[in-house]
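Engineer: run-v6.pdb is the file, holding PDB, C-alpha atoms, pLDDT in the B column:
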```
ATOM      1  CA  MET A 729     -58.839  26.358  30.851  1.00 43.00           C
ATOM      2  CA  PRO A 730     -58.160  28.722  27.943  1.00 44.00           C
ATOM      3  CA  ASP A 731     -60.181  31.949  27.800  1.00 46.00           C
ATOM      4  CA  ARG A 732     -60.909  31.442  24.135  1.00 59.00           C
ATOM      5  CA  ALA A 733     -62.808  28.438  22.899  1.00 71.00           C
ATOM      6  CA  LEU A 734     -60.759  25.668  21.352  1.00 80.00           C
ATOM      7  CA  THR A 735     -61.817  24.371  17.982  1.00 83.00           C
ATOM      8  CA  LEU A 736     -61.590  20.749  16.931  1.00 86.00           C
ATOM      9  CA  GLN A 737     -58.887  21.663  14.415  1.00 88.00           C
ATOM     10  CA  GLN A 738     -56.777  23.327  17.118  1.00 88.00           C
ATOM     11  CA  VAL A 739     -56.998  20.205  19.263  1.00 88.00           C
ATOM     12  CA  LEU A 740     -56.056  18.020  16.290  1.00 90.00           C
ATOM     13  CA  ASP A 741     -53.152  20.345  15.449  1.00 91.00           C
ATOM     14  CA  ARG A 742     -51.823  19.804  18.988  1.00 88.00           C
ATOM     15  CA  GLY A 743     -51.393  16.095  18.428  1.00 89.00           C
ATOM     16  CA  LEU A 744     -54.742  14.409  18.939  1.00 90.00           C
ATOM     17  CA  THR A 745     -56.338  12.309  16.236  1.00 90.00           C
ATOM     18  CA  TYR A 746     -59.956  11.551  15.422  1.00 87.00           C
ATOM     19  CA  ARG A 747     -59.193   7.936  16.265  1.00 90.00           C
ATOM     20  CA  ARG A 748     -57.928   8.819  19.749  1.00 92.00           C
ATOM     21  CA  LEU A 749     -60.939  11.088  20.402  1.00 90.00           C
ATOM     22  CA  ASP A 750     -63.231   8.280  19.271  1.00 88.00           C
ATOM     23  CA  HIS A 751     -61.464   5.790  21.546  1.00 92.00           C
ATOM     24  CA  TRP A 752     -61.724   8.138  24.523  1.00 94.00           C
ATOM     25  CA  ALA A 753     -65.434   8.654  23.820  1.00 91.00           C
ATOM     26  CA  ARG A 754     -65.989   4.885  23.636  1.00 91.00           C
ATOM     27  CA  GLN A 755     -64.196   4.517  26.983  1.00 93.00           C
ATOM     28  CA  GLY A 756     -66.558   7.125  28.463  1.00 92.00           C
ATOM     29  CA  TRP A 757     -63.751   9.605  29.137  1.00 94.00           C
ATOM     30  CA  LEU A 758     -65.211  12.194  26.734  1.00 92.00           C
ATOM     31  CA  CYS A 759     -68.781  12.923  25.756  1.00 88.00           C
ATOM     32  CA  PRO A 760     -69.488  14.320  22.284  1.00 85.00           C
ATOM     33  CA  ALA A 761     -72.562  16.527  21.913  1.00 80.00           C
ATOM     34  CA  HIS A 762     -73.820  14.344  19.084  1.00 65.00           C
ATOM     35  CA  ALA A 763     -72.363  10.943  18.420  1.00 57.00           C
ATOM     36  CA  GLY A 764     -73.790  10.628  14.934  1.00 57.00           C
ATOM     37  CA  GLY A 765     -73.898   7.216  13.382  1.00 55.00           C
ATOM     38  CA  THR A 766     -71.457   5.032  11.555  1.00 53.00           C
ATOM     39  CA  GLY A 767     -69.552   7.181   9.097  1.00 52.00           C
ATOM     40  CA  HIS A 768     -70.714  10.470  10.621  1.00 56.00           C
ATOM     41  CA  ASN A 769     -68.552  13.021  12.374  1.00 66.00           C
ATOM     42  CA  ARG A 770     -69.101  13.671  16.056  1.00 70.00           C
ATOM     43  CA  ALA A 771     -69.918  17.150  17.295  1.00 78.00           C
ATOM     44  CA  TRP A 772     -67.622  18.174  20.149  1.00 85.00           C
ATOM     45  CA  PRO A 773     -68.588  20.810  22.714  1.00 88.00           C
ATOM     46  CA  THR A 774     -65.825  23.249  23.639  1.00 88.00           C
ATOM     47  CA  THR A 775     -65.697  21.897  27.188  1.00 89.00           C
ATOM     48  CA  GLU A 776     -64.951  18.381  25.938  1.00 90.00           C
ATOM     49  CA  LEU A 777     -62.243  19.685  23.614  1.00 90.00           C
ATOM     50  CA  GLU A 778     -60.629  21.435  26.595  1.00 90.00           C
ATOM     51  CA  VAL A 779     -60.733  18.198  28.604  1.00 92.00           C
ATOM     52  CA  ALA A 780     -59.291  16.282  25.629  1.00 94.00           C
ATOM     53  CA  ASP A 781     -56.476  18.797  25.238  1.00 92.00           C
ATOM     54  CA  LEU A 782     -55.588  18.579  28.934  1.00 92.00           C
ATOM     55  CA  MET A 783     -55.776  14.777  28.761  1.00 94.00           C
ATOM     56  CA  ARG A 784     -53.280  14.810  25.904  1.00 94.00           C
ATOM     57  CA  ARG A 785     -50.926  17.021  27.890  1.00 91.00           C
ATOM     58  CA  LEU A 786     -51.188  14.816  30.981  1.00 92.00           C
ATOM     59  CA  ILE A 787     -50.535  11.686  28.916  1.00 94.00           C
ATOM     60  CA  ASP A 788     -47.512  13.392  27.349  1.00 92.00           C
ATOM     61  CA  ALA A 789     -46.333  14.054  30.933  1.00 91.00           C
ATOM     62  CA  GLY A 790     -46.514  10.332  31.719  1.00 93.00           C
ATOM     63  CA  LEU A 791     -49.983   9.662  33.137  1.00 93.00           C
ATOM     64  CA  THR A 792     -52.092   6.803  31.820  1.00 94.00           C
ATOM     65  CA  ALA A 793     -55.135   7.707  29.729  1.00 94.00           C
ATOM     66  CA  GLY A 794     -57.531   6.667  32.496  1.00 93.00           C
ATOM     67  CA  VAL A 795     -55.801   8.760  35.143  1.00 92.00           C
ATOM     68  CA  ALA A 796     -55.468  11.659  32.704  1.00 94.00           C
ATOM     69  CA  ALA A 797     -59.217  11.478  32.036  1.00 94.00           C
ATOM     70  CA  LEU A 798     -60.036  11.573  35.752  1.00 92.00           C
ATOM     71  CA  ALA A 799     -57.615  14.440  36.389  1.00 92.00           C
ATOM     72  CA  ALA A 800     -58.727  16.502  33.378  1.00 93.00           C
ATOM     73  CA  GLY A 801     -62.386  15.998  34.229  1.00 92.00           C
ATOM     74  CA  ALA A 802     -61.811  16.956  37.859  1.00 91.00           C
ATOM     75  CA  HIS A 803     -59.849  20.034  36.828  1.00 91.00           C
ATOM     76  CA  HIS A 804     -62.571  21.112  34.444  1.00 89.00           C
ATOM     77  CA  ALA A 805     -65.138  20.625  37.232  1.00 91.00           C
ATOM     78  CA  GLY A 806     -63.224  23.142  39.343  1.00 91.00           C
ATOM     79  CA  ARG A 807     -60.964  20.887  41.395  1.00 89.00           C
ATOM     80  CA  PRO A 808     -57.379  22.040  40.697  1.00 83.00           C
ATOM     81  CA  ILE A 809     -55.900  19.494  43.136  1.00 89.00           C
ATOM     82  CA  ILE A 810     -56.608  15.847  42.404  1.00 88.00           C
ATOM     83  CA  LYS A 811     -55.685  13.094  44.864  1.00 88.00           C
ATOM     84  CA  LEU A 812     -54.013  10.290  42.916  1.00 84.00           C
ATOM     85  CA  ALA A 813     -53.031   8.097  45.871  1.00 87.00           C
ATOM     86  CA  PRO A 814     -52.476   8.501  49.616  1.00 93.00           C
ATOM     87  CA  GLY A 815     -49.999  11.345  49.941  1.00 92.00           C
ATOM     88  CA  VAL A 816     -49.846  11.925  46.172  1.00 90.00           C
ATOM     89  CA  VAL A 817     -51.723  14.813  44.573  1.00 91.00           C
ATOM     90  CA  LEU A 818     -51.713  16.395  41.152  1.00 90.00           C
ATOM     91  CA  ALA A 819     -52.056  20.181  41.144  1.00 89.00           C
ATOM     92  CA  ILE A 820     -52.967  21.887  37.884  1.00 87.00           C
ATOM     93  CA  ASP A 821     -52.273  25.604  37.766  1.00 83.00           C
ATOM     94  CA  ALA A 822     -54.894  27.152  35.491  1.00 78.00           C
ATOM     95  CA  ASP A 823     -52.801  30.295  34.907  1.00 76.00           C
ATOM     96  CA  LEU A 824     -49.756  28.290  33.794  1.00 74.00           C
ATOM     97  CA  LEU A 825     -52.002  26.063  31.718  1.00 71.00           C
ATOM     98  CA  LYS A 826     -53.192  29.101  29.736  1.00 69.00           C
ATOM     99  CA  GLU A 827     -49.644  30.379  29.216  1.00 61.00           C
ATOM    100  CA  SER A 828     -48.335  27.130  27.775  1.00 57.00           C
ATOM    101  CA  VAL A 829     -50.993  26.792  25.090  1.00 54.00           C
TER
END
```
Using C-alpha cells, write down the structure that the file contains.
Structural biologist:
Amino acid sequence: MPDRALTLQQVLDRGLTYRRLDHWARQGWLCPAHAGGTGHNRAWPTTELEVADLMRRLIDAGLTAGVAALAAGAHHAGRPIIKLAPGVVLAIDADLLKESV
C-alpha cells in the first residue's frame, strides 16, 4: 500500500463516492472507525481507505465488488497472492501499486 496515508478526499478524488463507501460498509467489506448515526459522517481509518482504493482499482479492472473486497482485504493483510479459483490466482505487486497511484 502507499507509504503516505491516504485521506478521504484523495480516495473520493480517485472516483469513489460517499454512497459507494457507505454501501461497502453496509455489506461488511469495509469497517469505518466510527459509524456515527443517521446524518453523521463516518470516520475512516487510513487502512480502510487503502482497502477501498484498491477495491475501486480491482473493480475497474473487471472484478466484482465482493471479489475485490476479498482480494483487497487479503492484500492488506499481507497476502499478495490470492487464490480466486482452482488454478486461478490474483497477484498484487505492492511496488507497482505504489507507482500507479
Engineer: As AutoDock Vina command-line options, what would the box around stretch 784-789 of chain A look like: edges along x, y and z, 8 Å added on every side, centre and edge lengths in Å to one decimal?
Structural biologist:
```
--center_x -49.8 --center_y 14.4 --center_z 28.4 --size_x 22.9 --size_y 21.3 --size_z 21.1
```
Engineer: Suppose you want the space between atom CA of A:Ala819 and atom CA of A:Ala797; what is it in Å?
Structural biologist: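 Separating atom CA of A:Ala819 from atom CA of A:Ala797 is a distance of 14.5 Å.
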Engineer: If we count all atoms listed in the file and set the cut-off at 7 Å, which residues sit around A:Glu778, ignoring sequence neighbours fewer than 3 positions away in its own chain? Please answer as a count of residues only.
Structural biologist: 6
Engineer: Would you mind reading off the distance between atom CA of A:Ala813 and atom CA of A:Arg748, one decimal, in Å?
Structural biologist: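 Result for atom CA of A:Ala813 versus atom CA of A:Arg748: 26.6 Å, one decimal.
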Engineer: Can you tell me how far atom CA of A:Ala761 sits from atom CA of A:Glu776, in Å to one decimal?
Structural biologist: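 Distance reported for this atom pair: 8.8 Å.
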Engineer: May I ask which of the residues A:Val779, A:Ala753, A:Ala796, A:Val816 is the closest one to A:Ala733, counting only C-alpha atoms?
Structural biologist: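 Going through A:Val779, A:Ala753, A:Ala796, A:Val816 one by one, the smallest distance to A:Ala733 is for A:Val779.
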Engineer: So which residues get picked by the PyMOL selection byres ((chain A and resi 735) around 10) here, written as a VMD selection string?
Structural biologist: chain A and resid 732 to 734 736 to 741 772 to 774 777 to 778
Engineer: Between A:Trp757, A:Leu824, A:Ile787, A:Pro814, which residue has the minimum interatomic distance to A:Ala802, considering only C-alpha atoms?
Structural biologist: A:Trp757
Engineer: So, counting all atoms listed in the file, which residue among A:Arg784, A:Leu791, A:Arg747, A:Ala771 is closest to A:Cys759?
Structural biologist: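 Between A:Arg784, A:Leu791, A:Arg747, A:Ala771, the residue approaching A:Cys759 most closely is A:Ala771.
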Engineer: If we count only C-alpha atoms, what is near A:Val817 at a cut-off of 12 Å, once residues fewer than 3 positions away on the same chain are taken out, given as a ChimeraX atom specification?
Structural biologist: /A:795,799,807-814,820
Engineer: Could you rebuild stretch 808-820 of chain A with N, CA and C atoms and give it back as a compact mmCIF listing (two decimals), in the coordinates of the input?
Structural biologist:
```txt
# COMPACT_ATOMS: atom_id res chain seq x y z
N PRO A 808 -58.74 21.93 41.21
CA PRO A 808 -57.38 22.04 40.70
C PRO A 808 -56.39 21.08 41.34
N ILE A 809 -56.77 20.47 42.48
CA ILE A 809 -55.90 19.49 43.14
C ILE A 809 -56.63 18.16 43.15
N ILE A 810 -56.00 17.16 42.55
CA ILE A 810 -56.61 15.85 42.40
C ILE A 810 -55.76 14.84 43.16
N LYS A 811 -56.39 14.12 44.10
CA LYS A 811 -55.68 13.09 44.86
C LYS A 811 -55.53 11.86 43.99
N LEU A 812 -54.29 11.46 43.74
CA LEU A 812 -54.01 10.29 42.92
C LEU A 812 -53.84 9.04 43.77
N ALA A 813 -53.27 9.19 44.94
CA ALA A 813 -53.03 8.10 45.87
C ALA A 813 -52.77 8.72 47.24
N PRO A 814 -52.77 7.92 48.30
CA PRO A 814 -52.48 8.50 49.62
C PRO A 814 -51.14 9.25 49.59
N GLY A 815 -51.20 10.52 49.91
CA GLY A 815 -50.00 11.34 49.94
C GLY A 815 -49.51 11.83 48.59
N VAL A 816 -50.25 11.51 47.52
CA VAL A 816 -49.85 11.92 46.17
C VAL A 816 -50.99 12.71 45.54
N VAL A 817 -50.71 13.98 45.21
CA VAL A 817 -51.72 14.81 44.57
C VAL A 817 -51.16 15.41 43.29
N LEU A 818 -52.05 15.71 42.39
CA LEU A 818 -51.71 16.40 41.15
C LEU A 818 -52.36 17.77 41.23
N ALA A 819 -51.54 18.81 41.12
CA ALA A 819 -52.06 20.18 41.14
C ALA A 819 -51.90 20.77 39.75
N ILE A 820 -52.98 21.27 39.21
CA ILE A 820 -52.97 21.89 37.88
C ILE A 820 -53.18 23.38 38.06
```
